[in-house]
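Structure data follow from input.pdb (PDB, C-alpha atoms):
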```pdb
ATOM      1  CA  MET Z   1       0.000   0.000   0.000
ATOM      2  CA  THR Z   2       1.370   3.423  -0.896
ATOM      3  CA  SER Z   3       1.899   5.897   1.875
ATOM      4  CA  PRO Z   4      -0.618   8.761   1.989
ATOM      5  CA  LEU Z   5       2.180  11.052   3.159
ATOM      6  CA  GLU Z   6       4.152  10.733  -0.071
ATOM      7  CA  SER Z   7       3.236  12.337  -3.346
ATOM      8  CA  LEU Z   8       3.540  11.004  -6.849
ATOM      9  CA  VAL Z   9       6.044  12.942  -8.985
ATOM     10  CA  LEU Z  10       4.870  13.210 -12.576
ATOM     11  CA  PHE Z  11       7.754  15.096 -14.195
ATOM     12  CA  TYR Z  12      10.527  17.552 -13.469
ATOM     13  CA  LEU Z  13      10.450  21.225 -14.437
ATOM     14  CA  GLY Z  14      14.166  21.866 -14.278
ATOM     15  CA  PRO Z  15      15.134  20.852 -10.732
ATOM     16  CA  VAL Z  16      11.563  21.274  -9.424
ATOM     17  CA  PRO Z  17       9.525  18.083  -9.124
ATOM     18  CA  ILE Z  18       5.932  18.517 -10.322
ATOM     19  CA  THR Z  19       3.540  16.198  -8.509
ATOM     20  CA  LEU Z  20       0.109  14.975  -9.480
ATOM     21  CA  ALA Z  21      -1.424  17.235  -6.816
ATOM     22  CA  VAL Z  22       0.197  20.313  -8.369
ATOM     23  CA  VAL Z  23      -1.099  19.425 -11.830
ATOM     24  CA  THR Z  24      -4.598  18.859 -10.424
ATOM     25  CA  THR Z  25      -4.379  22.188  -8.608
ATOM     26  CA  TRP Z  26      -3.473  23.915 -11.861
ATOM     27  CA  GLY Z  27      -6.416  22.231 -13.547
ATOM     28  CA  ILE Z  28      -8.793  23.391 -10.816
ATOM     29  CA  MET Z  29      -7.376  26.914 -11.019
ATOM     30  CA  ILE Z  30      -7.913  26.971 -14.786
ATOM     31  CA  ILE Z  31     -11.488  25.721 -14.354
ATOM     32  CA  LEU Z  32     -12.239  28.323 -11.657
ATOM     33  CA  ILE Z  33     -10.662  31.241 -13.499
ATOM     34  CA  THR Z  34     -12.143  30.510 -16.927
ATOM     35  CA  GLY Z  35     -15.471  29.677 -15.288
ATOM     36  CA  ALA Z  36     -15.516  32.978 -13.407
ATOM     37  CA  PHE Z  37     -14.459  34.845 -16.564
ATOM     38  CA  LEU Z  38     -17.081  33.229 -18.795
ATOM     39  CA  LEU Z  39     -19.898  33.540 -16.245
ATOM     40  CA  THR Z  40     -19.312  37.214 -15.469
ATOM     41  CA  ARG Z  41     -18.715  38.345 -19.063
ATOM     42  CA  GLN Z  42     -22.256  39.474 -19.792
ATOM     43  CA  LEU Z  43     -23.821  40.696 -16.564
ATOM     44  CA  ASP Z  44     -27.196  42.364 -16.934
ATOM     45  CA  LEU Z  45     -29.783  44.012 -14.697
ATOM     46  CA  THR Z  46     -32.382  41.470 -15.788
ATOM     47  CA  ALA Z  47     -30.682  38.271 -14.730
ATOM     48  CA  THR Z  48     -30.468  35.289 -17.022
ATOM     49  CA  LYS Z  49     -30.636  31.816 -15.518
ATOM     50  CA  ARG Z  50     -26.853  31.559 -15.471
ATOM     51  CA  GLN Z  51     -26.468  34.905 -13.767
ATOM     52  CA  ALA Z  52     -29.212  34.108 -11.241
ATOM     53  CA  ALA Z  53     -27.402  30.937 -10.225
ATOM     54  CA  LEU Z  54     -24.162  32.869  -9.887
ATOM     55  CA  GLU Z  55     -25.850  35.580  -7.817
ATOM     56  CA  LEU Z  56     -27.360  32.916  -5.580
ATOM     57  CA  LEU Z  57     -23.883  31.517  -4.920
ATOM     58  CA  VAL Z  58     -22.340  34.922  -4.186
ATOM     59  CA  ASP Z  59     -25.327  35.852  -2.029
ATOM     60  CA  THR Z  60     -24.998  32.670   0.019
ATOM     61  CA  ILE Z  61     -21.293  33.296   0.610
ATOM     62  CA  ASP Z  62     -22.065  36.919   1.545
ATOM     63  CA  ASN Z  63     -24.732  35.805   4.000
ATOM     64  CA  GLN Z  64     -22.429  33.280   5.643
ATOM     65  CA  ILE Z  65     -19.684  35.891   5.998
ATOM     66  CA  ARG Z  66     -22.157  38.374   7.462
ATOM     67  CA  GLU Z  67     -23.561  35.852   9.941
ATOM     68  CA  THR Z  68     -20.112  34.622  10.994
ATOM     69  CA  SER Z  69     -18.369  37.954  11.371
ATOM     70  CA  GLY Z  70     -21.140  40.532  11.661
ATOM     71  CA  ALA Z  71     -19.130  42.715   9.286
ATOM     72  CA  GLU Z  72     -19.850  43.802   5.737
ATOM     73  CA  PRO Z  73     -18.754  40.970   3.440
ATOM     74  CA  ALA Z  74     -17.204  43.070   0.654
ATOM     75  CA  PRO Z  75     -13.532  43.054   1.789
ATOM     76  CA  TYR Z  76     -13.585  39.332   2.595
ATOM     77  CA  ARG Z  77     -15.745  38.002  -0.234
ATOM     78  CA  GLY Z  78     -12.896  37.391  -2.656
ATOM     79  CA  PHE Z  79     -10.603  35.553  -0.281
ATOM     80  CA  ILE Z  80     -13.166  33.520   1.632
ATOM     81  CA  GLY Z  81     -15.198  32.718  -1.478
ATOM     82  CA  SER Z  82     -12.143  31.566  -3.403
ATOM     83  CA  LEU Z  83     -10.991  29.438  -0.467
ATOM     84  CA  PHE Z  84     -14.403  27.786  -0.228
ATOM     85  CA  LEU Z  85     -14.819  27.171  -3.954
ATOM     86  CA  PHE Z  86     -11.273  25.926  -4.420
ATOM     87  CA  ILE Z  87     -11.410  23.476  -1.505
ATOM     88  CA  LEU Z  88     -14.881  22.308  -2.500
ATOM     89  CA  ILE Z  89     -13.875  21.569  -6.090
ATOM     90  CA  ALA Z  90     -10.592  20.057  -4.916
ATOM     91  CA  ASN Z  91     -12.405  17.733  -2.493
ATOM     92  CA  TRP Z  92     -14.948  16.717  -5.104
ATOM     93  CA  SER Z  93     -12.352  16.248  -7.824
ATOM     94  CA  SER Z  94     -12.029  12.638  -6.635
ATOM     95  CA  LEU Z  95     -15.262  12.032  -8.574
ATOM     96  CA  VAL Z  96     -13.212  12.209 -11.771
ATOM     97  CA  PRO Z  97     -11.628   8.785 -12.270
ATOM     98  CA  GLY Z  98      -7.864   8.733 -11.877
ATOM     99  CA  ILE Z  99      -7.681  12.016  -9.994
ATOM    100  CA  GLU Z 100      -6.875  12.269  -6.314
ATOM    101  CA  PRO Z 101      -8.001  15.425  -4.523
ATOM    102  CA  PRO Z 102      -4.984  17.720  -4.107
ATOM    103  CA  THR Z 103      -6.233  18.509  -0.607
ATOM    104  CA  ALA Z 104      -5.378  14.920   0.330
ATOM    105  CA  GLN Z 105      -1.705  15.910   0.062
ATOM    106  CA  LEU Z 106       0.211  17.657   2.818
ATOM    107  CA  GLU Z 107       1.596  20.423   0.615
ATOM    108  CA  THR Z 108      -1.703  21.827  -0.683
ATOM    109  CA  ASP Z 109      -3.220  22.044   2.796
ATOM    110  CA  ALA Z 110      -0.068  23.579   4.229
ATOM    111  CA  ALA Z 111      -0.184  26.222   1.512
ATOM    112  CA  LEU Z 112      -3.857  26.963   2.183
ATOM    113  CA  ALA Z 113      -3.290  27.234   5.936
ATOM    114  CA  THR Z 114      -0.310  29.526   5.326
ATOM    115  CA  LEU Z 115      -2.568  31.722   3.204
ATOM    116  CA  VAL Z 116      -5.038  31.946   6.075
ATOM    117  CA  PHE Z 117      -2.228  32.695   8.547
ATOM    118  CA  LEU Z 118      -0.920  35.520   6.355
ATOM    119  CA  SER Z 119      -4.383  36.891   5.631
ATOM    120  CA  VAL Z 120      -5.149  37.111   9.356
ATOM    121  CA  ILE Z 121      -2.076  39.334   9.725
ATOM    122  CA  TRP Z 122      -2.992  41.324   6.600
ATOM    123  CA  PHE Z 123      -6.599  41.966   7.578
ATOM    124  CA  GLY Z 124      -5.609  42.625  11.195
ATOM    125  CA  ILE Z 125      -3.098  45.283  10.145
ATOM    126  CA  ARG Z 126      -5.493  46.765   7.607
ATOM    127  CA  GLY Z 127      -8.284  46.928  10.181
ATOM    128  CA  SER Z 128      -6.423  48.591  13.039
ATOM    129  CA  GLY Z 129      -2.910  49.495  11.924
ATOM    130  CA  VAL Z 130       0.351  47.810  12.864
ATOM    131  CA  ARG Z 131       0.224  49.090  16.442
ATOM    132  CA  GLY Z 132      -3.363  48.050  16.927
ATOM    133  CA  TYR Z 133      -2.665  44.594  15.528
ATOM    134  CA  LEU Z 134       0.412  44.104  17.696
ATOM    135  CA  ARG Z 135      -1.512  45.347  20.720
ATOM    136  CA  SER Z 136      -4.176  42.704  20.073
ATOM    137  CA  PHE Z 137      -1.587  40.112  21.145
ATOM    138  CA  ALA Z 138      -1.598  41.709  24.597
ATOM    139  CA  ALA Z 139      -5.365  41.197  25.015
ATOM    140  CA  PRO Z 140      -6.693  40.626  27.673
ATOM    141  CA  ASN Z 141      -3.398  41.352  29.454
ATOM    142  CA  PRO Z 142       0.342  41.257  28.624
ATOM    143  CA  VAL Z 143       0.846  37.921  30.380
ATOM    144  CA  MET Z 144      -0.974  36.340  27.441
ATOM    145  CA  ILE Z 145       1.510  37.553  24.797
ATOM    146  CA  PRO Z 146       3.430  34.263  24.396
ATOM    147  CA  LEU Z 147       0.222  32.234  24.466
ATOM    148  CA  ASN Z 148      -1.417  34.449  21.846
ATOM    149  CA  MET Z 149       1.637  34.187  19.616
ATOM    150  CA  ILE Z 150       1.675  30.402  19.925
ATOM    151  CA  GLU Z 151      -2.072  30.314  19.306
ATOM    152  CA  SER Z 152      -1.796  32.190  16.034
ATOM    153  CA  VAL Z 153       0.566  29.502  14.739
ATOM    154  CA  THR Z 154      -1.174  26.477  16.213
ATOM    155  CA  ARG Z 155      -4.597  27.382  14.874
ATOM    156  CA  ALA Z 156      -3.205  27.643  11.353
ATOM    157  CA  PHE Z 157      -1.493  24.304  11.942
ATOM    158  CA  SER Z 158      -4.702  22.724  13.226
ATOM    159  CA  MET Z 159      -6.589  23.952  10.132
ATOM    160  CA  PHE Z 160      -3.900  22.336   8.013
ATOM    161  CA  VAL Z 161      -3.995  19.000   9.814
ATOM    162  CA  ARG Z 162      -7.801  19.000   9.963
ATOM    163  CA  LEU Z 163      -8.273  19.449   6.223
ATOM    164  CA  PHE Z 164      -5.476  17.029   5.390
ATOM    165  CA  GLY Z 165      -6.648  14.375   7.834
ATOM    166  CA  ASN Z 166     -10.285  14.480   6.772
ATOM    167  CA  VAL Z 167      -9.745  14.397   3.025
ATOM    168  CA  MET Z 168      -6.821  11.982   3.154
ATOM    169  CA  SER Z 169      -8.637   9.558   5.460
ATOM    170  CA  GLY Z 170     -11.568   9.498   3.033
ATOM    171  CA  VAL Z 171      -9.294   8.703   0.073
ATOM    172  CA  PHE Z 172      -7.385   6.154   2.152
ATOM    173  CA  VAL Z 173     -10.480   4.297   3.352
ATOM    174  CA  ILE Z 174     -11.907   4.176  -0.179
ATOM    175  CA  GLY Z 175      -8.580   2.809  -1.408
ATOM    176  CA  ILE Z 176      -8.584   0.065   1.230
ATOM    177  CA  VAL Z 177     -12.214  -0.910   0.598
ATOM    178  CA  ALA Z 178     -11.747  -0.877  -3.176
ATOM    179  CA  SER Z 179      -8.734  -3.167  -2.866
ATOM    180  CA  LEU Z 180     -10.769  -5.552  -0.680
ATOM    181  CA  ALA Z 181     -14.203  -5.587  -2.310
ATOM    182  CA  GLY Z 182     -13.869  -4.066  -5.761
ATOM    183  CA  LEU Z 183     -16.869  -2.922  -7.706
ATOM    184  CA  LEU Z 184     -19.924  -1.395  -6.001
ATOM    185  CA  VAL Z 185     -19.018  -1.555  -2.318
ATOM    186  CA  PRO Z 186     -17.061   1.756  -2.060
ATOM    187  CA  ILE Z 187     -19.957   3.828  -3.446
ATOM    188  CA  PRO Z 188     -21.665   4.624  -0.079
ATOM    189  CA  LEU Z 189     -18.277   5.611   1.314
ATOM    190  CA  MET Z 190     -17.702   7.884  -1.689
ATOM    191  CA  ALA Z 191     -21.096   9.497  -1.087
ATOM    192  CA  LEU Z 192     -20.103  10.079   2.532
ATOM    193  CA  ASP Z 193     -16.852  11.517   1.247
ATOM    194  CA  LEU Z 194     -18.768  14.098  -0.812
ATOM    195  CA  LEU Z 195     -20.544  15.248   2.347
ATOM    196  CA  THR Z 196     -17.255  15.384   4.268
ATOM    197  CA  GLY Z 197     -15.688  17.375   1.444
ATOM    198  CA  LEU Z 198     -18.500  19.929   1.490
ATOM    199  CA  VAL Z 199     -18.451  20.246   5.294
ATOM    200  CA  GLN Z 200     -14.672  20.579   5.397
ATOM    201  CA  ALA Z 201     -14.657  23.269   2.706
ATOM    202  CA  TYR Z 202     -17.366  25.140   4.607
ATOM    203  CA  ILE Z 203     -15.543  24.788   7.907
ATOM    204  CA  PHE Z 204     -12.226  25.894   6.466
ATOM    205  CA  ALA Z 205     -13.836  29.040   5.065
ATOM    206  CA  VAL Z 206     -15.816  29.753   8.255
ATOM    207  CA  LEU Z 207     -12.783  29.258  10.483
ATOM    208  CA  ALA Z 208     -10.672  31.532   8.291
ATOM    209  CA  MET Z 209     -13.429  34.127   8.636
ATOM    210  CA  VAL Z 210     -13.635  33.641  12.416
ATOM    211  CA  PHE Z 211      -9.867  34.078  12.824
ATOM    212  CA  ILE Z 212      -9.796  37.163  10.593
ATOM    213  CA  THR Z 213     -12.733  38.669  12.486
ATOM    214  CA  SER Z 214     -11.118  38.037  15.840
ATOM    215  CA  ALA Z 215      -7.884  39.690  14.695
ATOM    216  CA  VAL Z 216      -9.767  42.719  13.351
ATOM    217  CA  GLU Z 217     -12.018  43.094  16.382
ATOM    218  CA  ASP Z 218      -9.255  42.474  18.929
ATOM    219  CA  GLY Z 219      -7.268  45.273  17.369
ATOM    220  CA  ALA Z 220     -10.236  47.626  17.218
ATOM    221  CA  HIS Z 221     -11.774  47.146  20.669
ATOM    222  CA  HIS Z 222      -9.021  45.478  22.622
ATOM    223  CA  SER Z 223      -9.512  47.742  25.612
ATOM    224  CA  LYS Z 224     -13.295  48.203  25.465
ATOM    225  CA  HIS Z 225     -14.801  44.774  24.987
ATOM    226  CA  LYS Z 226     -13.994  41.250  25.863
ATOM    227  CA  PRO Z 227     -12.449  39.616  22.766
ATOM    228  CA  PRO Z 228     -14.946  37.520  20.807
ATOM    229  CA  HIS Z 229     -14.935  33.828  21.286
ATOM    230  CA  SER Z 230     -12.374  32.330  18.956
ATOM    231  CA  PRO Z 231     -12.386  28.548  18.781
ATOM    232  CA  ASN Z 232      -9.080  26.858  18.223
TER     233      ASN Z 232
ATOM    234  CA  MET L   1      14.613  -3.727  14.667
ATOM    235  CA  GLU L   2      11.675  -6.100  14.539
ATOM    236  CA  TYR L   3      10.594  -5.040  17.995
ATOM    237  CA  LEU L   4      10.525  -1.454  16.810
ATOM    238  CA  ASN L   5       8.276  -2.420  13.876
ATOM    239  CA  LEU L   6       5.973  -4.366  16.147
ATOM    240  CA  ALA L   7       5.812  -1.567  18.695
ATOM    241  CA  SER L   8       5.022   0.956  15.943
ATOM    242  CA  ILE L   9       2.133  -1.085  14.587
ATOM    243  CA  ILE L  10       0.652  -1.742  18.034
ATOM    244  CA  CYS L  11       1.039   1.877  19.052
ATOM    245  CA  ALA L  12      -0.591   3.065  15.829
ATOM    246  CA  ALA L  13      -3.604   0.854  16.485
ATOM    247  CA  PHE L  14      -3.794   2.042  20.082
ATOM    248  CA  ALA L  15      -3.491   5.676  19.052
ATOM    249  CA  VAL L  16      -6.454   5.404  16.710
ATOM    250  CA  ALA L  17      -8.517   3.235  19.065
ATOM    251  CA  PHE L  18      -8.128   5.327  22.191
ATOM    252  CA  GLY L  19      -7.959   8.573  20.270
ATOM    253  CA  ALA L  20     -11.441   7.899  18.919
ATOM    254  CA  ILE L  21     -13.064   7.441  22.331
ATOM    255  CA  GLY L  22     -12.831  11.010  23.561
ATOM    256  CA  PRO L  23     -14.056  12.715  20.377
ATOM    257  CA  ALA L  24     -16.881  10.151  20.046
ATOM    258  CA  LEU L  25     -18.190  10.944  23.523
ATOM    259  CA  ALA L  26     -17.721  14.657  22.955
ATOM    260  CA  GLU L  27     -19.502  14.647  19.602
ATOM    261  CA  GLY L  28     -22.373  12.725  21.136
ATOM    262  CA  ARG L  29     -22.739  15.328  23.849
ATOM    263  CA  ALA L  30     -22.512  18.182  21.350
ATOM    264  CA  VAL L  31     -25.160  16.716  19.051
ATOM    265  CA  ALA L  32     -27.425  15.940  22.002
ATOM    266  CA  ALA L  33     -27.133  19.504  23.251
ATOM    267  CA  ALA L  34     -27.817  20.881  19.767
ATOM    268  CA  MET L  35     -30.899  18.637  19.365
ATOM    269  CA  ASP L  36     -32.125  19.861  22.710
ATOM    270  CA  ALA L  37     -31.622  23.468  21.682
ATOM    271  CA  ILE L  38     -33.356  22.971  18.319
ATOM    272  CA  ALA L  39     -36.300  21.245  20.025
ATOM    273  CA  ARG L  40     -36.689  24.217  22.344
ATOM    274  CA  GLN L  41     -36.161  26.869  19.698
ATOM    275  CA  PRO L  42     -36.809  25.546  16.194
ATOM    276  CA  GLU L  43     -36.537  29.047  14.724
ATOM    277  CA  ALA L  44     -32.849  29.185  15.713
ATOM    278  CA  ALA L  45     -32.095  25.894  13.945
ATOM    279  CA  ASN L  46     -29.970  27.549  11.243
ATOM    280  CA  THR L  47     -27.587  29.240  13.620
ATOM    281  CA  ILE L  48     -27.420  26.228  15.902
ATOM    282  CA  SER L  49     -26.627  23.776  13.157
ATOM    283  CA  ARG L  50     -23.986  26.054  11.676
ATOM    284  CA  THR L  51     -22.278  26.385  15.031
ATOM    285  CA  LEU L  52     -22.741  22.660  15.588
ATOM    286  CA  PHE L  53     -20.925  21.806  12.364
ATOM    287  CA  VAL L  54     -18.017  24.065  13.193
ATOM    288  CA  GLY L  55     -17.862  22.664  16.722
ATOM    289  CA  LEU L  56     -18.020  19.084  15.495
ATOM    290  CA  ALA L  57     -15.129  19.760  13.145
ATOM    291  CA  MET L  58     -13.150  21.149  16.072
ATOM    292  CA  ILE L  59     -13.826  18.065  18.166
ATOM    293  CA  GLU L  60     -13.105  15.764  15.276
ATOM    294  CA  THR L  61      -9.701  17.356  14.874
ATOM    295  CA  THR L  62      -8.440  15.575  17.980
ATOM    296  CA  ALA L  63      -9.320  12.215  16.433
ATOM    297  CA  ILE L  64      -7.717  13.310  13.160
ATOM    298  CA  TYR L  65      -4.524  14.197  15.030
ATOM    299  CA  CYS L  66      -4.421  10.647  16.386
ATOM    300  CA  LEU L  67      -4.965   9.294  12.863
ATOM    301  CA  VAL L  68      -2.112  11.405  11.524
ATOM    302  CA  ILE L  69       0.157  10.225  14.331
ATOM    303  CA  ALA L  70      -0.781   6.619  13.537
ATOM    304  CA  LEU L  71      -0.014   7.132   9.847
ATOM    305  CA  LEU L  72       3.303   8.763  10.742
ATOM    306  CA  LEU L  73       4.160   5.716  12.837
ATOM    307  CA  LEU L  74       3.206   3.345  10.032
ATOM    308  CA  PHE L  75       4.504   5.124   6.943
ATOM    309  CA  ALA L  76       7.022   7.763   7.982
ATOM    310  CA  ASN L  77       8.484   6.460  11.213
ATOM    311  CA  PRO L  78      11.655   8.465  11.902
ATOM    312  CA  LEU L  79      13.081   5.703  14.123
ATOM    313  CA  LEU L  80      12.941   3.056  11.408
ATOM    314  CA  GLY L  81      14.972   5.149   8.971
TER     315      GLY L  81
END
```
Can the structure in the file be given as structure tokens, please?
Amino acid sequence: MTSPLESLVLFYLGPVPITLAVVTTWGIMIILITGAFLLTRQLDLTATKRQAALELLVDTIDNQIRETSGAEPAPYRGFIGSLFLFILIANWSSLVPGIEPPTAQLETDAALATLVFLSVIWFGIRGSGVRGYLRSFAAPNPVMIPLNMIESVTRAFSMFVRLFGNVMSGVFVIGIVASLAGLLVPIPLMALDLLTGLVQAYIFAVLAMVFITSAVEDGAHHSKHKPPHSPN
Amino acid sequence: MEYLNLASIICAAFAVAFGAIGPALAEGRAVAAAMDAIARQPEAANTISRTLFVGLAMIETTAIYCLVIALLLLFANPLLG
């Protein structure tokens, strides 16, 4: 049985090994970008069916952002929406025969979690300035500075391991069952995997939003209010 | 060398087995509490189930950590070289 921690190298681009996950990621990026370009080319006030479906999607993402953070969704829509759509399509890409979801590899998830880690810093600084963001580490009092610094790393790490573990375990279990029982038996597990993929994409996006919100709000009201509950 | 292999396999099984107990109990409690809350206040079902999903994912992470540790022991054990 092949190890789920290793990745399959397809070819070398100079000294850089290009793995299957990277190629799949490129494919998903091409699909997302061309899809977004084609769907938004002819926007009209009287919505066509295509545009109505698109607006429904954007509206749903906006609503989720608003309910999670209580802030206006406009600054976060691009990042959170792209995260959600990319992870969702990546998780469901296992439906295509011969393709493994890139999120079942360590590298993709590490990259996504790093993006979230950096965006928390970015939005925190943009919301309340460098001083305000740095001061948010001293909330509720300066004793917490080392703990808050560790927390900002560990929560990115836990997002990384959570996404990797969930998607990889699904792929792994399906692989084991398919090698044992062959034809139709893995299908219920694959259906369960679709649900897990959707929930994990949703949770990744919501958690990113929660962390960004807590950084922004901590910086803004660190002395007035208790910091909002931020799960880890 | 063989003892190290054996110990790794047994420890991986134990990590998954015992690592699943805590999250299973915790998820049961969380779902029970959410059901209770939805039964009392059906109009808040949307918010409750959203928070429930996020919370369940948090709890599940502990089990996933154990799974990752088990896979590290089996496939990428640093002691076995």
Could you list, as an MDAnalysis selection string, every residue of chain Z that has an atom within 10 Å of an atom of chain L, counting only C-alpha atoms?
chainID Z and resid 1:6 64 67:68 158:159 161:166 168:169 199:200 202:204 206:207 231:232
Output check: residues returned by the PyMOL selection byres ((chain Z and resi 117) around 10), as an mmCIF file with C-alpha atoms, keeping the file's coordinate frame:
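Final output, expr_29.cif:
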```
data_model
loop_
_atom_site.group_PDB
_atom_site.id
_atom_site.type_symbol
_atom_site.label_atom_id
_atom_site.label_comp_id
_atom_site.auth_asym_id
_atom_site.auth_seq_id
_atom_site.Cartn_x
_atom_site.Cartn_y
_atom_site.Cartn_z
ATOM 1 C CA ALA Z 111 -0.184 26.222 1.512
ATOM 2 C CA LEU Z 112 -3.857 26.963 2.183
ATOM 3 C CA ALA Z 113 -3.290 27.234 5.936
ATOM 4 C CA THR Z 114 -0.310 29.526 5.326
ATOM 5 C CA LEU Z 115 -2.568 31.722 3.204
ATOM 6 C CA VAL Z 116 -5.038 31.946 6.075
ATOM 7 C CA LEU Z 118 -0.920 35.520 6.355
ATOM 8 C CA SER Z 119 -4.383 36.891 5.631
ATOM 9 C CA VAL Z 120 -5.149 37.111 9.356
ATOM 10 C CA ILE Z 121 -2.076 39.334 9.725
ATOM 11 C CA TRP Z 122 -2.992 41.324 6.600
ATOM 12 C CA SER Z 152 -1.796 32.190 16.034
ATOM 13 C CA VAL Z 153 0.566 29.502 14.739
ATOM 14 C CA THR Z 154 -1.174 26.477 16.213
ATOM 15 C CA ARG Z 155 -4.597 27.382 14.874
ATOM 16 C CA ALA Z 156 -3.205 27.643 11.353
ATOM 17 C CA PHE Z 157 -1.493 24.304 11.942
ATOM 18 C CA MET Z 159 -6.589 23.952 10.132
ATOM 19 C CA ALA Z 208 -10.672 31.532 8.291
ATOM 20 C CA PHE Z 211 -9.867 34.078 12.824
ATOM 21 C CA ILE Z 212 -9.796 37.163 10.593
#
```
Report the distance between atom CA of Z:Phe86 and atom CA of Z:Ile125 in Å, rounded to one decimal place.
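Rounded to one decimal, the two atoms are 25.6 Å apart.
Taking atom CA of Z:Pro102 and atom CA of Z:Pro186 as the two end points, the separation is 20.1 Å.
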When you draw a straight line from atom CA of Z:Ile176 to atom CA of Z:Ala191, how long is it in Å?
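One can read the atom CA of Z:Ile176 to atom CA of Z:Ala191 distance as 15.8 Å.
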Identify, on the basis of only C-alpha atoms, every residue whose closest approach to stretch 4-11 of chain L does not exceed 8 Å; exclude the query and any residue fewer than 4 positions from it along the same chain; express the result as a PDB file with C-alpha atoms, in the coordinates of the input.
```
ATOM      1  CA  ALA L  15      -3.491   5.676  19.052  1.00  0.00           C
ATOM      2  CA  ALA L  70      -0.781   6.619  13.537  1.00  0.00           C
ATOM      3  CA  LEU L  73       4.160   5.716  12.837  1.00  0.00           C
ATOM      4  CA  LEU L  74       3.206   3.345  10.032  1.00  0.00           C
ATOM      5  CA  LEU L  80      12.941   3.056  11.408  1.00  0.00           C
TER       6      LEU L  80
END
```
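Selecting by distance to (-26.4, 21.1, 17.4) with a limit of 6 Å and using all atoms listed in the file, one obtains Val31, Ala34, Met35, Ile48, Ser49 and Leu52 of chain L.
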Hey, can you pull every residue with an atom no more than 9 Å from (-11.9, 40.2, 13.4), using only C-alpha atoms, and send it as a PyMOL selection string?
chain Z and resi 69+71+120+123-124+127+209-220+228
Expected file contents, prior selection, C-alpha atoms, as a JSON list (two decimals), keeping the file's coordinate frame:
```
[["chain", "number", "residue", "atom", "x", "y", "z"],
["Z", 69, "SER", "CA", -18.37, 37.95, 11.37],
["Z", 71, "ALA", "CA", -19.13, 42.72, 9.29],
["Z", 120, "VAL", "CA", -5.15, 37.11, 9.36],
["Z", 123, "PHE", "CA", -6.60, 41.97, 7.58],
["Z", 124, "GLY", "CA", -5.61, 42.62, 11.20],
["Z", 127, "GLY", "CA", -8.28, 46.93, 10.18],
["Z", 209, "MET", "CA", -13.43, 34.13, 8.64],
["Z", 210, "VAL", "CA", -13.64, 33.64, 12.42],
["Z", 211, "PHE", "CA", -9.87, 34.08, 12.82],
["Z", 212, "ILE", "CA", -9.80, 37.16, 10.59],
["Z", 213, "THR", "CA", -12.73, 38.67, 12.49],
["Z", 214, "SER", "CA", -11.12, 38.04, 15.84],
["Z", 215, "ALA", "CA", -7.88, 39.69, 14.70],
["Z", 216, "VAL", "CA", -9.77, 42.72, 13.35],
["Z", 217, "GLU", "CA", -12.02, 43.09, 16.38],
["Z", 218, "ASP", "CA", -9.26, 42.47, 18.93],
["Z", 219, "GLY", "CA", -7.27, 45.27, 17.37],
["Z", 220, "ALA", "CA", -10.24, 47.63, 17.22],
["Z", 228, "PRO", "CA", -14.95, 37.52, 20.81]]
```
Could you list, as a list in words, every residue matched by the PyMOL selection byres ((chain Z and resi 46-63) around 9) in this structure?
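On this input, the PyMOL selection byres ((chain Z and resi 46-63) around 9) captures Leu39, Thr40, Gln42, Leu43, Asp44, Leu45, Gln64, Ile65, Arg66, Glu67, Thr68, Glu72, Pro73, Ala74, Tyr76, Arg77, Ile80, Gly81 and Phe84 of chain Z.
Residue nearest Z:Leu8 within the list Z:Ile87, Z:Ala139, Z:Thr34, Z:Ile99: Z:Ile99 [criterion: smallest interatomic distance, only C-alpha atoms].
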Ranking Z:Thr24, Z:Asn141, Z:Ser136, Z:Ser128 by minimum distance to Z:Gly98 and counting only C-alpha atoms, which one comes first?
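Answer, going by the shortest atom-to-atom distance: Z:Thr24.
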